[in-house]
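Text of protein_34.csv, listed as CSV, N, CA and C atoms:
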chain,number,residue,atom,x,y,z
A,13,MET,N,-65.0,-6.1,131.0
A,13,MET,CA,-64.6,-5.4,129.9
A,13,MET,C,-63.2,-6.0,129.4
A,14,PRO,N,-63.1,-6.4,128.1
A,14,PRO,CA,-61.9,-7.0,127.7
A,14,PRO,C,-60.7,-6.1,127.7
A,15,LYS,N,-59.5,-6.7,127.9
A,15,LYS,CA,-58.3,-5.9,127.9
A,15,LYS,C,-58.0,-5.4,126.5
A,16,THR,N,-57.6,-4.2,126.3
A,16,THR,CA,-57.2,-3.6,125.0
A,16,THR,C,-55.8,-3.9,124.8
A,17,ALA,N,-55.4,-4.4,123.6
A,17,ALA,CA,-54.0,-4.7,123.3
A,17,ALA,C,-53.3,-3.4,123.3
A,18,ARG,N,-52.1,-3.5,123.8
A,18,ARG,CA,-51.2,-2.3,123.9
A,18,ARG,C,-51.0,-1.7,122.5
A,19,ALA,N,-50.9,-2.6,121.5
A,19,ALA,CA,-50.6,-2.1,120.1
A,19,ALA,C,-51.8,-1.2,119.7
A,20,LEU,N,-53.0,-1.5,120.1
A,20,LEU,CA,-54.1,-0.7,119.6
A,20,LEU,C,-54.1,0.7,120.3
A,21,LEU,N,-53.5,0.7,121.5
A,21,LEU,CA,-53.4,2.0,122.2
A,21,LEU,C,-52.3,2.9,121.7
A,22,GLN,N,-51.4,2.2,120.9
A,22,GLN,CA,-50.2,2.9,120.4
A,22,GLN,C,-50.3,3.2,118.9
A,23,LEU,N,-51.5,3.1,118.4
A,23,LEU,CA,-51.6,3.3,116.9
A,23,LEU,C,-51.2,4.8,116.6
A,24,PRO,N,-50.5,5.0,115.6
A,24,PRO,CA,-50.2,6.3,115.1
A,24,PRO,C,-51.5,7.0,114.7
A,25,PRO,N,-51.6,8.3,114.9
A,25,PRO,CA,-52.8,9.0,114.6
A,25,PRO,C,-53.2,8.8,113.1
A,26,ALA,N,-52.3,8.8,112.2
A,26,ALA,CA,-52.6,8.7,110.8
A,26,ALA,C,-53.2,7.3,110.5
A,27,THR,N,-52.7,6.3,111.2
A,27,THR,CA,-53.2,4.9,111.1
A,27,THR,C,-54.7,4.8,111.7
A,28,SER,N,-54.9,5.4,112.8
A,28,SER,CA,-56.2,5.5,113.4
A,28,SER,C,-57.2,6.1,112.5
A,29,ALA,N,-56.8,7.2,111.9
A,29,ALA,CA,-57.6,8.0,110.9
A,29,ALA,C,-57.9,7.1,109.7
A,30,ALA,N,-56.9,6.4,109.2
A,30,ALA,CA,-57.1,5.5,108.0
A,30,ALA,C,-58.1,4.4,108.4
A,31,ILE,N,-58.1,3.8,109.6
A,31,ILE,CA,-59.0,2.8,110.0
A,31,ILE,C,-60.4,3.3,110.1
A,32,GLU,N,-60.5,4.5,110.6
A,32,GLU,CA,-61.8,5.2,110.7
A,32,GLU,C,-62.4,5.5,109.4
A,33,LYS,N,-61.6,5.9,108.4
A,33,LYS,CA,-62.0,6.2,107.1
A,33,LYS,C,-62.5,4.9,106.4
A,34,LEU,N,-61.7,3.8,106.6
A,34,LEU,CA,-62.1,2.5,106.0
A,34,LEU,C,-63.4,2.1,106.5
A,35,GLY,N,-63.7,2.2,107.8
A,35,GLY,CA,-65.0,1.9,108.4
A,35,GLY,C,-66.1,2.7,107.8
A,36,ALA,N,-65.8,4.0,107.7
A,36,ALA,CA,-66.9,4.9,107.2
A,36,ALA,C,-67.1,4.6,105.7
A,37,ASP,N,-66.1,4.3,104.9
A,37,ASP,CA,-66.2,3.9,103.5
A,37,ASP,C,-67.0,2.7,103.4
A,38,LEU,N,-66.8,1.7,104.3
A,38,LEU,CA,-67.5,0.4,104.2
A,38,LEU,C,-69.0,0.7,104.5
A,39,ALA,N,-69.3,1.6,105.4
A,39,ALA,CA,-70.7,2.0,105.8
A,39,ALA,C,-71.3,2.6,104.5
A,40,VAL,N,-70.6,3.5,103.9
A,40,VAL,CA,-71.2,4.1,102.6
A,40,VAL,C,-71.4,3.0,101.6
A,41,ALA,N,-70.5,2.1,101.4
A,41,ALA,CA,-70.7,1.0,100.4
A,41,ALA,C,-72.0,0.2,100.8
A,42,ARG,N,-72.2,-0.1,102.0
A,42,ARG,CA,-73.4,-0.8,102.4
A,42,ARG,C,-74.6,0.0,102.2
A,43,LEU,N,-74.6,1.3,102.5
A,43,LEU,CA,-75.8,2.1,102.3
A,43,LEU,C,-76.1,2.3,100.8
A,44,ARG,N,-75.0,2.5,100.0
A,44,ARG,CA,-75.3,2.6,98.6
A,44,ARG,C,-75.9,1.4,98.0
A,45,ARG,N,-75.6,0.2,98.6
A,45,ARG,CA,-76.2,-1.0,98.1
A,45,ARG,C,-77.6,-1.2,98.8
A,46,LYS,N,-78.0,-0.3,99.6
A,46,LYS,CA,-79.3,-0.3,100.2
A,46,LYS,C,-79.5,-1.6,101.1
A,47,GLU,N,-78.4,-1.9,101.8
A,47,GLU,CA,-78.4,-3.0,102.7
A,47,GLU,C,-78.6,-2.5,104.1
A,48,SER,N,-79.4,-3.2,104.9
A,48,SER,CA,-79.5,-2.8,106.3
A,48,SER,C,-78.3,-3.4,107.1
A,49,LEU,N,-78.1,-2.9,108.3
A,49,LEU,CA,-77.1,-3.4,109.2
A,49,LEU,C,-77.3,-4.9,109.4
A,50,LYS,N,-78.5,-5.3,109.7
A,50,LYS,CA,-78.9,-6.6,110.0
A,50,LYS,C,-78.6,-7.6,108.8
A,51,THR,N,-79.0,-7.2,107.6
A,51,THR,CA,-78.7,-8.0,106.4
A,51,THR,C,-77.3,-8.1,106.1
A,52,TRP,N,-76.6,-7.0,106.2
A,52,TRP,CA,-75.1,-7.0,105.9
A,52,TRP,C,-74.3,-7.8,106.9
A,53,ALA,N,-74.7,-7.7,108.2
A,53,ALA,CA,-74.1,-8.5,109.3
A,53,ALA,C,-74.3,-10.0,109.0
A,54,MET,N,-75.5,-10.3,108.7
A,54,MET,CA,-75.9,-11.7,108.4
A,54,MET,C,-75.0,-12.2,107.2
A,55,ARG,N,-74.9,-11.5,106.2
A,55,ARG,CA,-74.1,-11.9,105.0
A,55,ARG,C,-72.6,-12.1,105.4
A,56,MET,N,-72.2,-11.3,106.4
A,56,MET,CA,-70.8,-11.3,106.8
A,56,MET,C,-70.6,-12.4,107.8
A,57,GLY,N,-71.6,-12.9,108.5
A,57,GLY,CA,-71.5,-13.9,109.5
A,57,GLY,C,-71.1,-13.3,110.8
A,58,VAL,N,-71.4,-12.0,111.1
A,58,VAL,CA,-71.1,-11.3,112.3
A,58,VAL,C,-72.4,-10.8,112.9
A,59,SER,N,-72.2,-10.3,114.2
A,59,SER,CA,-73.4,-9.6,114.8
A,59,SER,C,-73.5,-8.2,114.3
A,60,VAL,N,-74.6,-7.6,114.5
A,60,VAL,CA,-74.8,-6.2,114.2
A,60,VAL,C,-73.9,-5.3,115.0
A,61,PRO,N,-73.7,-5.5,116.3
A,61,PRO,CA,-72.8,-4.7,117.0
A,61,PRO,C,-71.3,-4.8,116.5
A,62,THR,N,-70.9,-6.0,116.0
A,62,THR,CA,-69.6,-6.1,115.4
A,62,THR,C,-69.5,-5.3,114.1
A,63,LEU,N,-70.5,-5.3,113.3
A,63,LEU,CA,-70.6,-4.5,112.1
A,63,LEU,C,-70.5,-3.0,112.4
A,64,GLN,N,-71.3,-2.6,113.4
A,64,GLN,CA,-71.2,-1.2,113.9
A,64,GLN,C,-69.8,-0.8,114.3
A,65,ARG,N,-69.1,-1.7,115.0
A,65,ARG,CA,-67.8,-1.4,115.4
A,65,ARG,C,-66.9,-1.3,114.2
A,66,LEU,N,-67.0,-2.1,113.2
A,66,LEU,CA,-66.2,-2.1,112.0
A,66,LEU,C,-66.5,-0.7,111.3
A,67,GLU,N,-67.7,-0.4,111.2
A,67,GLU,CA,-68.1,0.9,110.5
A,67,GLU,C,-67.7,2.1,111.2
A,68,SER,N,-67.5,2.0,112.5
A,68,SER,CA,-67.1,3.2,113.3
A,68,SER,C,-65.6,3.3,113.4
A,69,GLY,N,-64.9,2.3,112.8
A,69,GLY,CA,-63.4,2.4,112.8
A,69,GLY,C,-62.8,1.8,114.0
A,70,ASP,N,-63.4,0.9,114.7
A,70,ASP,CA,-62.8,0.3,115.9
A,70,ASP,C,-61.6,-0.6,115.4
A,71,PRO,N,-60.4,-0.3,115.8
A,71,PRO,CA,-59.2,-1.0,115.4
A,71,PRO,C,-59.1,-2.4,115.9
A,72,SER,N,-60.0,-2.8,116.9
A,72,SER,CA,-59.9,-4.2,117.4
A,72,SER,C,-60.8,-5.2,116.6
A,73,VAL,N,-61.5,-4.7,115.6
A,73,VAL,CA,-62.2,-5.6,114.8
A,73,VAL,C,-61.2,-6.5,114.0
A,74,GLY,N,-61.4,-7.8,114.0
A,74,GLY,CA,-60.5,-8.7,113.4
A,74,GLY,C,-60.3,-8.5,111.9
A,75,ILE,N,-59.1,-8.8,111.4
A,75,ILE,CA,-58.8,-8.6,110.0
A,75,ILE,C,-59.7,-9.5,109.1
A,76,GLY,N,-60.1,-10.7,109.6
A,76,GLY,CA,-60.9,-11.6,108.8
A,76,GLY,C,-62.3,-10.9,108.6
A,77,ILE,N,-62.8,-10.2,109.6
A,77,ILE,CA,-64.0,-9.5,109.4
A,77,ILE,C,-63.9,-8.3,108.4
A,78,VAL,N,-62.8,-7.6,108.5
A,78,VAL,CA,-62.5,-6.6,107.5
A,78,VAL,C,-62.4,-7.2,106.1
A,79,ALA,N,-61.7,-8.3,106.0
A,79,ALA,CA,-61.5,-9.0,104.7
A,79,ALA,C,-62.9,-9.4,104.1
A,80,THR,N,-63.8,-9.9,105.0
A,80,THR,CA,-65.1,-10.3,104.5
A,80,THR,C,-65.9,-9.1,104.0
A,81,ALA,N,-65.8,-8.0,104.7
A,81,ALA,CA,-66.5,-6.8,104.3
A,81,ALA,C,-66.0,-6.3,102.9
A,82,LEU,N,-64.6,-6.4,102.8
A,82,LEU,CA,-64.0,-6.0,101.5
A,82,LEU,C,-64.5,-7.0,100.4
A,83,TRP,N,-64.6,-8.3,100.7
A,83,TRP,CA,-65.1,-9.2,99.7
A,83,TRP,C,-66.5,-8.9,99.3
A,84,LEU,N,-67.3,-8.5,100.2
A,84,LEU,CA,-68.7,-8.2,99.8
A,84,LEU,C,-68.8,-7.0,98.8
A,85,ILE,N,-67.8,-6.1,98.9
A,85,ILE,CA,-67.8,-5.0,97.9
A,85,ILE,C,-66.8,-5.3,96.8
A,86,GLN,N,-66.3,-6.5,96.7
A,86,GLN,CA,-65.4,-6.9,95.6
A,86,GLN,C,-64.1,-6.1,95.6
A,87,ARG,N,-63.5,-5.9,96.8
A,87,ARG,CA,-62.3,-5.2,97.0
A,87,ARG,C,-61.2,-6.0,97.7
A,88,ASP,N,-61.5,-7.3,98.0
A,88,ASP,CA,-60.6,-8.1,98.8
A,88,ASP,C,-59.4,-8.4,98.0
A,89,GLY,N,-59.4,-8.3,96.7
A,89,GLY,CA,-58.2,-8.6,96.0
A,89,GLY,C,-57.0,-7.6,96.3
A,90,GLU,N,-57.3,-6.5,96.9
A,90,GLU,CA,-56.3,-5.5,97.2
A,90,GLU,C,-55.5,-6.0,98.4
A,91,LEU,N,-56.0,-6.9,99.2
A,91,LEU,CA,-55.3,-7.3,100.4
A,91,LEU,C,-54.0,-8.0,100.1
A,92,GLY,N,-53.9,-8.7,99.0
A,92,GLY,CA,-52.6,-9.3,98.7
A,92,GLY,C,-51.5,-8.4,98.3
A,93,LYS,N,-51.8,-7.1,98.1
A,93,LYS,CA,-50.9,-6.1,97.7
A,93,LYS,C,-50.4,-5.3,98.8
A,94,LEU,N,-51.1,-5.3,99.9
A,94,LEU,CA,-50.8,-4.3,101.0
A,94,LEU,C,-49.4,-4.4,101.6
A,95,ALA,N,-48.9,-5.6,101.7
A,95,ALA,CA,-47.5,-5.8,102.3
A,95,ALA,C,-46.6,-6.5,101.3
A,96,ALA,N,-46.9,-6.4,100.1
A,96,ALA,CA,-46.1,-7.0,99.0
A,96,ALA,C,-44.6,-6.5,99.1
A,97,PRO,N,-43.6,-7.4,99.1
A,97,PRO,CA,-42.2,-7.0,99.2
A,97,PRO,C,-41.8,-6.0,98.2
A,98,GLU,N,-42.3,-6.0,97.0
A,98,GLU,CA,-41.9,-5.0,96.0
A,98,GLU,C,-42.5,-3.6,96.3
A,99,GLN,N,-43.4,-3.5,97.3
A,99,GLN,CA,-43.9,-2.2,97.7
A,99,GLN,C,-43.3,-1.8,99.0
A,100,ASP,N,-42.5,-2.5,99.6
A,100,ASP,CA,-41.9,-2.2,101.0
A,100,ASP,C,-40.7,-1.3,100.8
A,101,LEU,N,-41.0,0.0,100.8
A,101,LEU,CA,-40.0,1.0,100.5
A,101,LEU,C,-38.9,1.0,101.6
A,102,GLY,N,-39.3,0.8,102.8
A,102,GLY,CA,-38.3,0.7,103.9
A,102,GLY,C,-37.3,-0.4,103.7
A,103,ALA,N,-37.7,-1.6,103.3
A,103,ALA,CA,-36.8,-2.7,103.1
A,103,ALA,C,-36.0,-2.5,101.8
A,104,ILE,N,-36.6,-1.9,100.8
A,104,ILE,CA,-35.9,-1.6,99.6
A,104,ILE,C,-34.8,-0.6,99.9
A,105,GLU,N,-35.0,0.4,100.6
A,105,GLU,CA,-34.0,1.4,101.0
A,105,GLU,C,-32.9,0.7,101.8
A,106,MET,N,-33.2,-0.2,102.7
A,106,MET,CA,-32.2,-0.9,103.4
A,106,MET,C,-31.3,-1.8,102.5
A,107,ASP,N,-32.0,-2.5,101.5
A,107,ASP,CA,-31.3,-3.3,100.5
A,107,ASP,C,-30.3,-2.4,99.7
A,108,ILE,N,-30.7,-1.2,99.4
A,108,ILE,CA,-29.9,-0.3,98.6
A,108,ILE,C,-28.7,0.1,99.4
A,109,ARG,N,-28.9,0.5,100.7
A,109,ARG,CA,-27.9,0.9,101.6
A,109,ARG,C,-26.8,-0.2,101.8
A,110,GLU,N,-27.4,-1.4,102.0
A,110,GLU,CA,-26.5,-2.6,102.1
A,110,GLU,C,-25.6,-2.8,100.9
A,111,ALA,N,-26.3,-2.7,99.7
A,111,ALA,CA,-25.6,-2.9,98.4
A,111,ALA,C,-24.5,-1.8,98.2
A,112,VAL,N,-24.8,-0.6,98.6
A,112,VAL,CA,-23.8,0.5,98.4
A,112,VAL,C,-22.7,0.3,99.4
A,113,ALA,N,-23.0,-0.1,100.6
A,113,ALA,CA,-21.9,-0.4,101.6
A,113,ALA,C,-21.1,-1.5,101.1
A,114,LEU,N,-21.7,-2.6,100.6
A,114,LEU,CA,-20.9,-3.7,100.1
A,114,LEU,C,-20.0,-3.3,99.0
A,115,GLY,N,-20.6,-2.6,98.0
A,115,GLY,CA,-19.8,-2.1,96.9
A,115,GLY,C,-18.6,-1.2,97.3
A,116,SER,N,-18.9,-0.4,98.3
A,116,SER,CA,-17.8,0.5,98.8
A,116,SER,C,-16.7,-0.4,99.5
A,117,ALA,N,-17.1,-1.3,100.3
A,117,ALA,CA,-16.2,-2.2,101.0
A,117,ALA,C,-15.3,-3.0,99.9
A,118,ARG,N,-16.0,-3.5,98.9
A,118,ARG,CA,-15.3,-4.3,97.9
A,118,ARG,C,-14.3,-3.4,97.1
A,119,ALA,N,-14.7,-2.2,96.8
A,119,ALA,CA,-13.9,-1.2,96.1
A,119,ALA,C,-12.7,-0.9,96.9
A,120,LYS,N,-12.9,-0.7,98.2
A,120,LYS,CA,-11.8,-0.3,99.1
A,120,LYS,C,-10.8,-1.5,99.2
A,121,ALA,N,-11.4,-2.7,99.3
A,121,ALA,CA,-10.5,-3.9,99.4
A,121,ALA,C,-9.7,-4.1,98.2
A,122,SER,N,-10.4,-3.9,97.0
A,122,SER,CA,-9.7,-4.0,95.7
A,122,SER,C,-8.5,-3.0,95.6
A,123,ALA,N,-8.8,-1.8,96.0
A,123,ALA,CA,-7.8,-0.7,96.0
A,123,ALA,C,-6.6,-1.1,96.9
A,124,GLN,N,-6.9,-1.6,98.0
A,124,GLN,CA,-5.8,-2.0,99.0
A,124,GLN,C,-5.0,-3.1,98.4
A,125,SER,N,-5.7,-4.1,97.8
A,125,SER,CA,-5.0,-5.2,97.2
A,125,SER,C,-4.1,-4.7,96.0
A,126,ARG,N,-4.6,-3.8,95.2
A,126,ARG,CA,-3.7,-3.3,94.1
A,126,ARG,C,-2.5,-2.6,94.7
A,127,THR,N,-2.7,-1.8,95.8
A,127,THR,CA,-1.6,-1.1,96.4
A,127,THR,C,-0.6,-2.0,96.9
A,128,LEU,N,-1.0,-3.1,97.6
A,128,LEU,CA,-0.1,-4.1,98.1
A,128,LEU,C,0.7,-4.8,97.0
A,129,THR,N,0.0,-5.1,95.9
A,129,THR,CA,0.6,-5.8,94.8
A,129,THR,C,1.6,-4.9,94.2
A,130,ARG,N,1.4,-3.6,94.0
A,130,ARG,CA,2.3,-2.7,93.5
A,130,ARG,C,3.6,-2.6,94.4
A,131,ARG,N,3.3,-2.5,95.7
A,131,ARG,CA,4.5,-2.4,96.6
A,131,ARG,C,5.3,-3.6,96.6
A,132,ALA,N,4.7,-4.8,96.4
A,132,ALA,CA,5.4,-6.1,96.4
A,132,ALA,C,6.3,-6.2,95.1
A,133,LYS,N,5.8,-5.6,94.0
A,133,LYS,CA,6.5,-5.7,92.8
A,133,LYS,C,7.6,-4.6,92.7
A,134,GLY,N,7.3,-3.5,93.4
A,134,GLY,CA,8.3,-2.3,93.3
A,134,GLY,C,9.3,-2.3,94.2

Could you render the structure from this file as structure tokens?
Amino acid sequence: MPKTARALLQLPPATSAAIEKLGADLAVARLRRKESLKTWAMRMGVSVPTLQRLESGDPSVGIGIVATALWLIQRDGELGKLAAPEQDLGAIEMDIREAVALGSARAKASAQSRTLTRRAKG
């Protein structure tokens, strides 16, 4: 039995649920297209057991296999948006905090400089 990556064992529950939903949604897409497991697996270039793992929401299925399934249903274009920098709210919030801190530091330095200049003149 292969070793399970520690990261897969530590998946947050919401992430596990999302992966399971993705697998179930891909199964529905296949069934709506009236494709058998065997035919769909052959079109994807994977084995039937691998396709079954994908459809059951197994998080160890490779991203390339997921991408191929999305391509079959013409949804692979969404992959390029998943981690787009402009959608990374955590990084955006960090950028804003850093900009605010920099602005505060500059304002404080400017105020100190003005105070020192006034003292030197006065």

### Query
Mind pulling up the distance from atom CA of Arg18 of chain A to atom CA of Ala81 of chain A?
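Computed distance, atom CA of Ala81 of chain A to atom CA of Arg18 of chain A, equals 25.3 Å.
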
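Excluding Gly76 of chain A and any residue on its chain fewer than 5 positions from it, the residues at most 12 Å away by only C-alpha atoms are Met56, Gly57, Val58, Leu66, Ala81, Leu82, Trp83, Asp88 and Leu91 of chain A.
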
Can those selected residues be exported to a file as a CSV table (one decimal), in the frame of the given file so that it contains N, CA and C atoms?
chain,number,residue,atom,x,y,z
A,56,MET,N,-72.2,-11.3,106.4
A,56,MET,CA,-70.8,-11.3,106.8
A,56,MET,C,-70.6,-12.4,107.8
A,57,GLY,N,-71.6,-12.9,108.5
A,57,GLY,CA,-71.5,-13.9,109.5
A,57,GLY,C,-71.1,-13.3,110.8
A,58,VAL,N,-71.4,-12.0,111.1
A,58,VAL,CA,-71.1,-11.3,112.3
A,58,VAL,C,-72.4,-10.8,112.9
A,66,LEU,N,-67.0,-2.1,113.2
A,66,LEU,CA,-66.2,-2.1,112.0
A,66,LEU,C,-66.5,-0.7,111.3
A,81,ALA,N,-65.8,-8.0,104.7
A,81,ALA,CA,-66.5,-6.8,104.3
A,81,ALA,C,-66.0,-6.3,102.9
A,82,LEU,N,-64.6,-6.4,102.8
A,82,LEU,CA,-64.0,-6.0,101.5
A,82,LEU,C,-64.5,-7.0,100.4
A,83,TRP,N,-64.6,-8.3,100.7
A,83,TRP,CA,-65.1,-9.2,99.7
A,83,TRP,C,-66.5,-8.9,99.3
A,88,ASP,N,-61.5,-7.3,98.0
A,88,ASP,CA,-60.6,-8.1,98.8
A,88,ASP,C,-59.4,-8.4,98.0
A,91,LEU,N,-56.0,-6.9,99.2
A,91,LEU,CA,-55.3,-7.3,100.4
A,91,LEU,C,-54.0,-8.0,100.1

### Task
Check chain A with DSSP on the backbone and list each residue it calls alpha helix (DSSP H), as an MDAnalysis selection string.
chainID A and resid 18:21 25:44 49:56 60:67 75:84 101:133

### Query
What is the distance, in Å and to one decimal place, between atom CA of Met106 of chain A and atom N of Arg118 of chain A?
17.0 Å

### Query
In Å to one decimal, how far is atom CA of Gly69 of chain A from atom C of Lys33 of chain A?
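It comes out at 6.9 Å.
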
### Selected residue of minimal separation from Ser72 of chain A among A:Leu101, A:Ala132, A:Ala17, A:Ala117, counting all atoms listed in the file
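Among A:Leu101, A:Ala132, A:Ala17, A:Ala117, it is A:Ala17 that comes nearest to Ser72 of chain A.
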
#### Entry: Residue among A:Ser125, A:Thr51, A:Ser59, A:Ser68 lying closest to Leu34 of chain A, counting all atoms listed in the file
A:Ser68
